[in-house]
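One file, input_30.csv, carrying CSV, N, CA and C atoms:
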```
chain,number,residue,atom,x,y,z
A,1,MET,N,43.5,-24.4,9.1
A,1,MET,CA,42.5,-23.6,9.8
A,1,MET,C,41.1,-23.9,9.3
A,2,ALA,N,40.2,-24.2,10.1
A,2,ALA,CA,38.8,-24.5,9.8
A,2,ALA,C,38.0,-23.3,9.7
A,3,ALA,N,37.1,-23.3,8.6
A,3,ALA,CA,36.2,-22.1,8.4
A,3,ALA,C,35.0,-22.3,9.4
A,4,GLU,N,34.6,-21.2,9.9
A,4,GLU,CA,33.4,-21.2,10.8
A,4,GLU,C,32.2,-20.8,10.0
A,5,THR,N,31.1,-21.6,10.0
A,5,THR,CA,29.9,-21.3,9.3
A,5,THR,C,28.9,-20.7,10.3
A,6,PRO,N,27.9,-20.0,9.9
A,6,PRO,CA,26.9,-19.4,10.8
A,6,PRO,C,26.3,-20.5,11.7
A,7,GLN,N,26.1,-21.7,11.1
A,7,GLN,CA,25.5,-22.8,11.9
A,7,GLN,C,26.4,-23.2,13.1
A,8,ASP,N,27.7,-23.0,12.9
A,8,ASP,CA,28.7,-23.4,13.9
A,8,ASP,C,28.9,-22.4,14.9
A,9,SER,N,28.5,-21.1,14.7
A,9,SER,CA,28.8,-20.1,15.6
A,9,SER,C,28.0,-20.2,16.9
A,10,ASP,N,28.5,-19.8,17.9
A,10,ASP,CA,27.9,-19.9,19.3
A,10,ASP,C,27.0,-18.7,19.5
A,11,PRO,N,25.6,-19.0,19.6
A,11,PRO,CA,24.7,-17.9,19.8
A,11,PRO,C,25.0,-17.0,21.0
A,12,GLY,N,25.7,-17.6,22.0
A,12,GLY,CA,26.1,-16.8,23.1
A,12,GLY,C,27.2,-15.7,22.8
A,13,SER,N,27.8,-15.8,21.6
A,13,SER,CA,28.8,-14.9,21.2
A,13,SER,C,28.2,-13.6,20.7
A,14,LEU,N,26.9,-13.6,20.4
A,14,LEU,CA,26.2,-12.3,19.9
A,14,LEU,C,26.3,-11.2,21.0
A,15,ASP,N,26.3,-10.0,20.5
A,15,ASP,CA,26.4,-8.9,21.4
A,15,ASP,C,25.1,-8.8,22.2
A,16,ARG,N,25.3,-8.9,23.5
A,16,ARG,CA,24.1,-8.9,24.4
A,16,ARG,C,23.4,-7.6,24.5
A,17,ASP,N,24.1,-6.5,24.1
A,17,ASP,CA,23.6,-5.2,24.1
A,17,ASP,C,22.6,-4.9,23.0
A,18,PHE,N,22.6,-5.7,22.0
A,18,PHE,CA,21.8,-5.6,20.8
A,18,PHE,C,20.4,-5.9,21.2
A,19,GLU,N,19.4,-5.0,21.0
A,19,GLU,CA,18.0,-5.3,21.2
A,19,GLU,C,17.3,-5.3,19.9
A,20,PHE,N,16.5,-6.3,19.7
A,20,PHE,CA,15.7,-6.5,18.5
A,20,PHE,C,14.3,-6.8,18.9
A,21,ASP,N,13.4,-5.9,18.5
A,21,ASP,CA,11.9,-6.1,18.8
A,21,ASP,C,11.3,-6.5,17.5
A,22,LEU,N,11.0,-7.8,17.3
A,22,LEU,CA,10.4,-8.3,16.1
A,22,LEU,C,9.1,-7.7,15.8
A,23,ASP,N,8.2,-7.5,16.8
A,23,ASP,CA,6.9,-6.9,16.5
A,23,ASP,C,7.1,-5.5,16.0
A,24,GLU,N,8.0,-4.7,16.5
A,24,GLU,CA,8.3,-3.3,16.0
A,24,GLU,C,8.8,-3.4,14.6
A,25,GLU,N,9.7,-4.3,14.3
A,25,GLU,CA,10.2,-4.4,12.9
A,25,GLU,C,9.2,-4.8,11.9
A,26,VAL,N,8.3,-5.7,12.3
A,26,VAL,CA,7.2,-6.2,11.4
A,26,VAL,C,6.2,-5.0,11.2
A,27,CYS,N,5.9,-4.3,12.2
A,27,CYS,CA,5.0,-3.1,12.1
A,27,CYS,C,5.6,-2.1,11.1
A,28,ALA,N,6.9,-1.8,11.3
A,28,ALA,CA,7.5,-0.8,10.4
A,28,ALA,C,7.5,-1.3,9.0
A,29,LEU,N,7.8,-2.6,8.8
A,29,LEU,CA,7.8,-3.2,7.4
A,29,LEU,C,6.4,-3.1,6.8
A,30,VAL,N,5.4,-3.4,7.5
A,30,VAL,CA,4.0,-3.3,7.0
A,30,VAL,C,3.7,-1.8,6.6
A,31,LEU,N,4.0,-0.9,7.5
A,31,LEU,CA,3.7,0.5,7.2
A,31,LEU,C,4.5,1.0,6.0
A,32,ASP,N,5.7,0.6,5.9
A,32,ASP,CA,6.6,1.0,4.8
A,32,ASP,C,6.1,0.5,3.4
A,33,THR,N,5.5,-0.7,3.4
A,33,THR,CA,5.1,-1.3,2.1
A,33,THR,C,3.6,-1.3,1.9
A,34,ALA,N,2.8,-0.8,2.8
A,34,ALA,CA,1.3,-0.8,2.6
A,34,ALA,C,0.9,0.0,1.4
A,35,PRO,N,0.0,-0.5,0.6
A,35,PRO,CA,-0.6,0.4,-0.5
A,35,PRO,C,-1.5,1.4,0.1
A,36,ARG,N,-1.7,2.5,-0.6
A,36,ARG,CA,-2.5,3.6,-0.2
A,36,ARG,C,-3.9,3.5,-0.8
A,37,MET,N,-4.9,3.5,0.1
A,37,MET,CA,-6.3,3.4,-0.4
A,37,MET,C,-6.9,4.8,-0.6
A,38,PHE,N,-7.8,4.9,-1.6
A,38,PHE,CA,-8.4,6.2,-1.9
A,38,PHE,C,-9.8,5.9,-2.5
A,39,ALA,N,-10.6,7.0,-2.4
A,39,ALA,CA,-11.9,6.9,-3.0
A,39,ALA,C,-12.0,7.9,-4.3
A,40,VAL,N,-12.7,7.4,-5.3
A,40,VAL,CA,-13.0,8.3,-6.4
A,40,VAL,C,-14.4,8.9,-6.2
A,41,VAL,N,-14.4,10.2,-6.1
A,41,VAL,CA,-15.7,10.9,-5.8
A,41,VAL,C,-16.1,11.7,-7.0
A,42,GLN,N,-17.4,11.6,-7.4
A,42,GLN,CA,-17.9,12.4,-8.5
A,42,GLN,C,-18.8,13.4,-7.9
A,43,GLU,N,-18.6,14.7,-8.3
A,43,GLU,CA,-19.4,15.8,-7.9
A,43,GLU,C,-20.4,16.1,-9.0
A,44,THR,N,-21.6,16.5,-8.6
A,44,THR,CA,-22.7,16.8,-9.6
A,44,THR,C,-23.4,18.1,-9.2
A,45,ASP,N,-23.7,18.9,-10.1
A,45,ASP,CA,-24.5,20.1,-9.8
A,45,ASP,C,-25.9,19.7,-9.9
A,46,VAL,N,-26.7,19.8,-8.7
A,46,VAL,CA,-28.1,19.4,-8.7
A,46,VAL,C,-29.0,20.6,-8.9
A,47,ALA,N,-28.5,21.8,-8.6
A,47,ALA,CA,-29.3,23.0,-8.8
A,47,ALA,C,-28.3,24.2,-8.8
A,48,ALA,N,-28.8,25.3,-9.1
A,48,ALA,CA,-27.9,26.5,-9.1
A,48,ALA,C,-27.3,26.7,-7.8
A,49,GLY,N,-26.0,26.6,-7.7
A,49,GLY,CA,-25.2,26.8,-6.5
A,49,GLY,C,-25.3,25.6,-5.5
A,50,VAL,N,-25.9,24.5,-5.9
A,50,VAL,CA,-26.0,23.3,-5.1
A,50,VAL,C,-25.2,22.1,-5.7
A,51,THR,N,-24.3,21.6,-5.0
A,51,THR,CA,-23.5,20.5,-5.5
A,51,THR,C,-23.6,19.3,-4.6
A,52,ASP,N,-23.7,18.1,-5.2
A,52,ASP,CA,-23.8,16.9,-4.5
A,52,ASP,C,-22.6,16.0,-4.9
A,53,ALA,N,-22.3,15.0,-4.1
A,53,ALA,CA,-21.2,14.1,-4.4
A,53,ALA,C,-21.5,12.7,-4.0
A,54,GLU,N,-20.8,11.8,-4.7
A,54,GLU,CA,-21.0,10.4,-4.4
A,54,GLU,C,-19.7,9.6,-4.7
A,55,VAL,N,-19.4,8.6,-3.9
A,55,VAL,CA,-18.3,7.8,-4.1
A,55,VAL,C,-18.6,6.8,-5.3
A,56,VAL,N,-17.8,6.8,-6.4
A,56,VAL,CA,-18.1,5.9,-7.5
A,56,VAL,C,-17.2,4.7,-7.6
A,57,ALA,N,-16.0,4.8,-6.9
A,57,ALA,CA,-15.1,3.7,-6.9
A,57,ALA,C,-14.1,3.8,-5.7
A,58,TRP,N,-13.6,2.7,-5.4
A,58,TRP,CA,-12.5,2.6,-4.4
A,58,TRP,C,-11.2,2.2,-5.1
A,59,GLY,N,-10.1,2.7,-4.7
A,59,GLY,CA,-8.8,2.3,-5.3
A,59,GLY,C,-7.7,2.1,-4.3
A,60,ILE,N,-6.7,1.4,-4.8
A,60,ILE,CA,-5.5,1.1,-4.0
A,60,ILE,C,-4.3,1.5,-4.9
A,61,ALA,N,-3.5,2.4,-4.4
A,61,ALA,CA,-2.3,2.9,-5.1
A,61,ALA,C,-1.1,2.1,-4.6
A,62,HIS,N,-0.4,1.4,-5.5
A,62,HIS,CA,0.7,0.6,-5.1
A,62,HIS,C,2.0,1.4,-5.2
A,63,GLU,N,3.0,0.8,-4.5
A,63,GLU,CA,4.3,1.5,-4.4
A,63,GLU,C,4.9,1.8,-5.8
A,64,ASP,N,4.7,1.0,-6.8
A,64,ASP,CA,5.3,1.2,-8.1
A,64,ASP,C,4.5,2.2,-8.9
A,65,GLY,N,3.4,2.8,-8.4
A,65,GLY,CA,2.6,3.8,-9.0
A,65,GLY,C,1.3,3.4,-9.6
A,66,HIS,N,1.1,2.1,-10.0
A,66,HIS,CA,-0.1,1.7,-10.6
A,66,HIS,C,-1.2,1.6,-9.5
A,67,VAL,N,-2.5,1.7,-10.0
A,67,VAL,CA,-3.6,1.7,-9.1
A,67,VAL,C,-4.6,0.6,-9.6
A,68,ASP,N,-5.3,0.0,-8.6
A,68,ASP,CA,-6.4,-1.0,-8.9
A,68,ASP,C,-7.7,-0.3,-8.4
A,69,LEU,N,-8.7,-0.4,-9.2
A,69,LEU,CA,-10.0,0.3,-8.9
A,69,LEU,C,-11.1,-0.8,-8.9
A,70,VAL,N,-12.1,-0.5,-8.0
A,70,VAL,CA,-13.3,-1.3,-8.0
A,70,VAL,C,-14.5,-0.3,-7.9
A,71,ALA,N,-15.4,-0.4,-8.9
A,71,ALA,CA,-16.5,0.5,-8.9
A,71,ALA,C,-17.5,0.1,-7.8
A,72,VAL,N,-18.1,1.1,-7.2
A,72,VAL,CA,-19.1,0.9,-6.1
A,72,VAL,C,-20.3,0.1,-6.7
A,73,ASP,N,-20.6,0.3,-7.9
A,73,ASP,CA,-21.8,-0.4,-8.5
A,73,ASP,C,-21.5,-1.9,-8.9
A,74,GLY,N,-20.3,-2.3,-8.6
A,74,GLY,CA,-20.0,-3.7,-8.9
A,74,GLY,C,-19.4,-4.0,-10.3
A,75,ARG,N,-19.1,-3.0,-11.1
A,75,ARG,CA,-18.5,-3.3,-12.4
A,75,ARG,C,-17.1,-3.9,-12.2
A,76,ALA,N,-16.6,-4.5,-13.2
A,76,ALA,CA,-15.3,-5.2,-13.2
A,76,ALA,C,-14.2,-4.3,-12.7
A,77,PRO,N,-13.3,-4.9,-12.0
A,77,PRO,CA,-12.1,-4.2,-11.5
A,77,PRO,C,-11.3,-3.6,-12.7
A,78,LEU,N,-10.6,-2.6,-12.4
A,78,LEU,CA,-9.8,-1.9,-13.4
A,78,LEU,C,-8.4,-1.6,-12.9
A,79,ARG,N,-7.4,-1.6,-13.8
A,79,ARG,CA,-6.0,-1.3,-13.4
A,79,ARG,C,-5.6,-0.1,-14.3
A,80,ARG,N,-5.0,0.9,-13.6
A,80,ARG,CA,-4.4,2.0,-14.3
A,80,ARG,C,-3.0,2.3,-13.9
A,81,ARG,N,-2.3,3.1,-14.7
A,81,ARG,CA,-0.9,3.3,-14.4
A,81,ARG,C,-0.6,4.3,-13.3
A,82,SER,N,-1.7,5.1,-12.9
A,82,SER,CA,-1.5,6.2,-11.9
A,82,SER,C,-2.9,6.6,-11.4
A,83,PRO,N,-2.9,7.2,-10.2
A,83,PRO,CA,-4.2,7.7,-9.7
A,83,PRO,C,-4.8,8.8,-10.7
A,84,GLU,N,-4.0,9.6,-11.3
A,84,GLU,CA,-4.5,10.6,-12.2
A,84,GLU,C,-5.2,9.9,-13.4
A,85,ARG,N,-4.6,8.8,-13.9
A,85,ARG,CA,-5.3,8.1,-15.0
A,85,ARG,C,-6.6,7.5,-14.6
A,86,ALA,N,-6.7,7.2,-13.3
A,86,ALA,CA,-8.0,6.6,-12.8
A,86,ALA,C,-9.1,7.7,-12.9
A,87,LEU,N,-8.7,8.9,-12.7
A,87,LEU,CA,-9.7,10.0,-12.8
A,87,LEU,C,-10.3,10.1,-14.2
A,88,TRP,N,-9.5,9.8,-15.3
A,88,TRP,CA,-10.0,9.8,-16.6
A,88,TRP,C,-11.2,8.8,-16.8
A,89,TRP,N,-11.0,7.7,-16.1
A,89,TRP,CA,-12.0,6.6,-16.2
A,89,TRP,C,-13.3,7.2,-15.6
```
Can I see the file as structure tokens?
Amino acid sequence: MAAETPQDSDPGSLDRDFEFDLDEEVCALVLDTAPRMFAVVQETDVAAGVTDAEVVAWGIAHEDGHVDLVAVDGRAPLRRRSPERALWW
């Protein structure tokens, strides 16, 4: 008895009812694995009862929990173990 390898199989033998949309699958893959972007915002009291805010850095939170930060003023990139640790910076 001869073994059949995937290369030997007849493509016509695949289930014709099976529908596969590669674009849809790629889109789902991208959305499932995309890092989450966030801004680090610093609030400052400028007068009694008046608060101002500015974005001081942009960050990307990765699936494993670590974050990469880049300061708005161009300082060197920074890596932290979590978004909460980024706030300490």
Protein/DNA/RNA residues near (-14.9, 6.9, -1.5), cut 8 Å, all atoms listed in the file, as a PyMOL selection string: chain A and resi 38-42+54-59
Distance query region 64-69 of chain A at most 5 Å, all atoms listed in the file, self and fewer than 5 positions along chain excluded, as a PyMOL selection string: chain A and resi 58-59+77-82
Atom pair atom C of Ala28 (chain A) / atom C of Glu63 (chain A): separation (Å):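 Pair atom C of Ala28 (chain A) / atom C of Glu63 (chain A) returns 15.3 Å.
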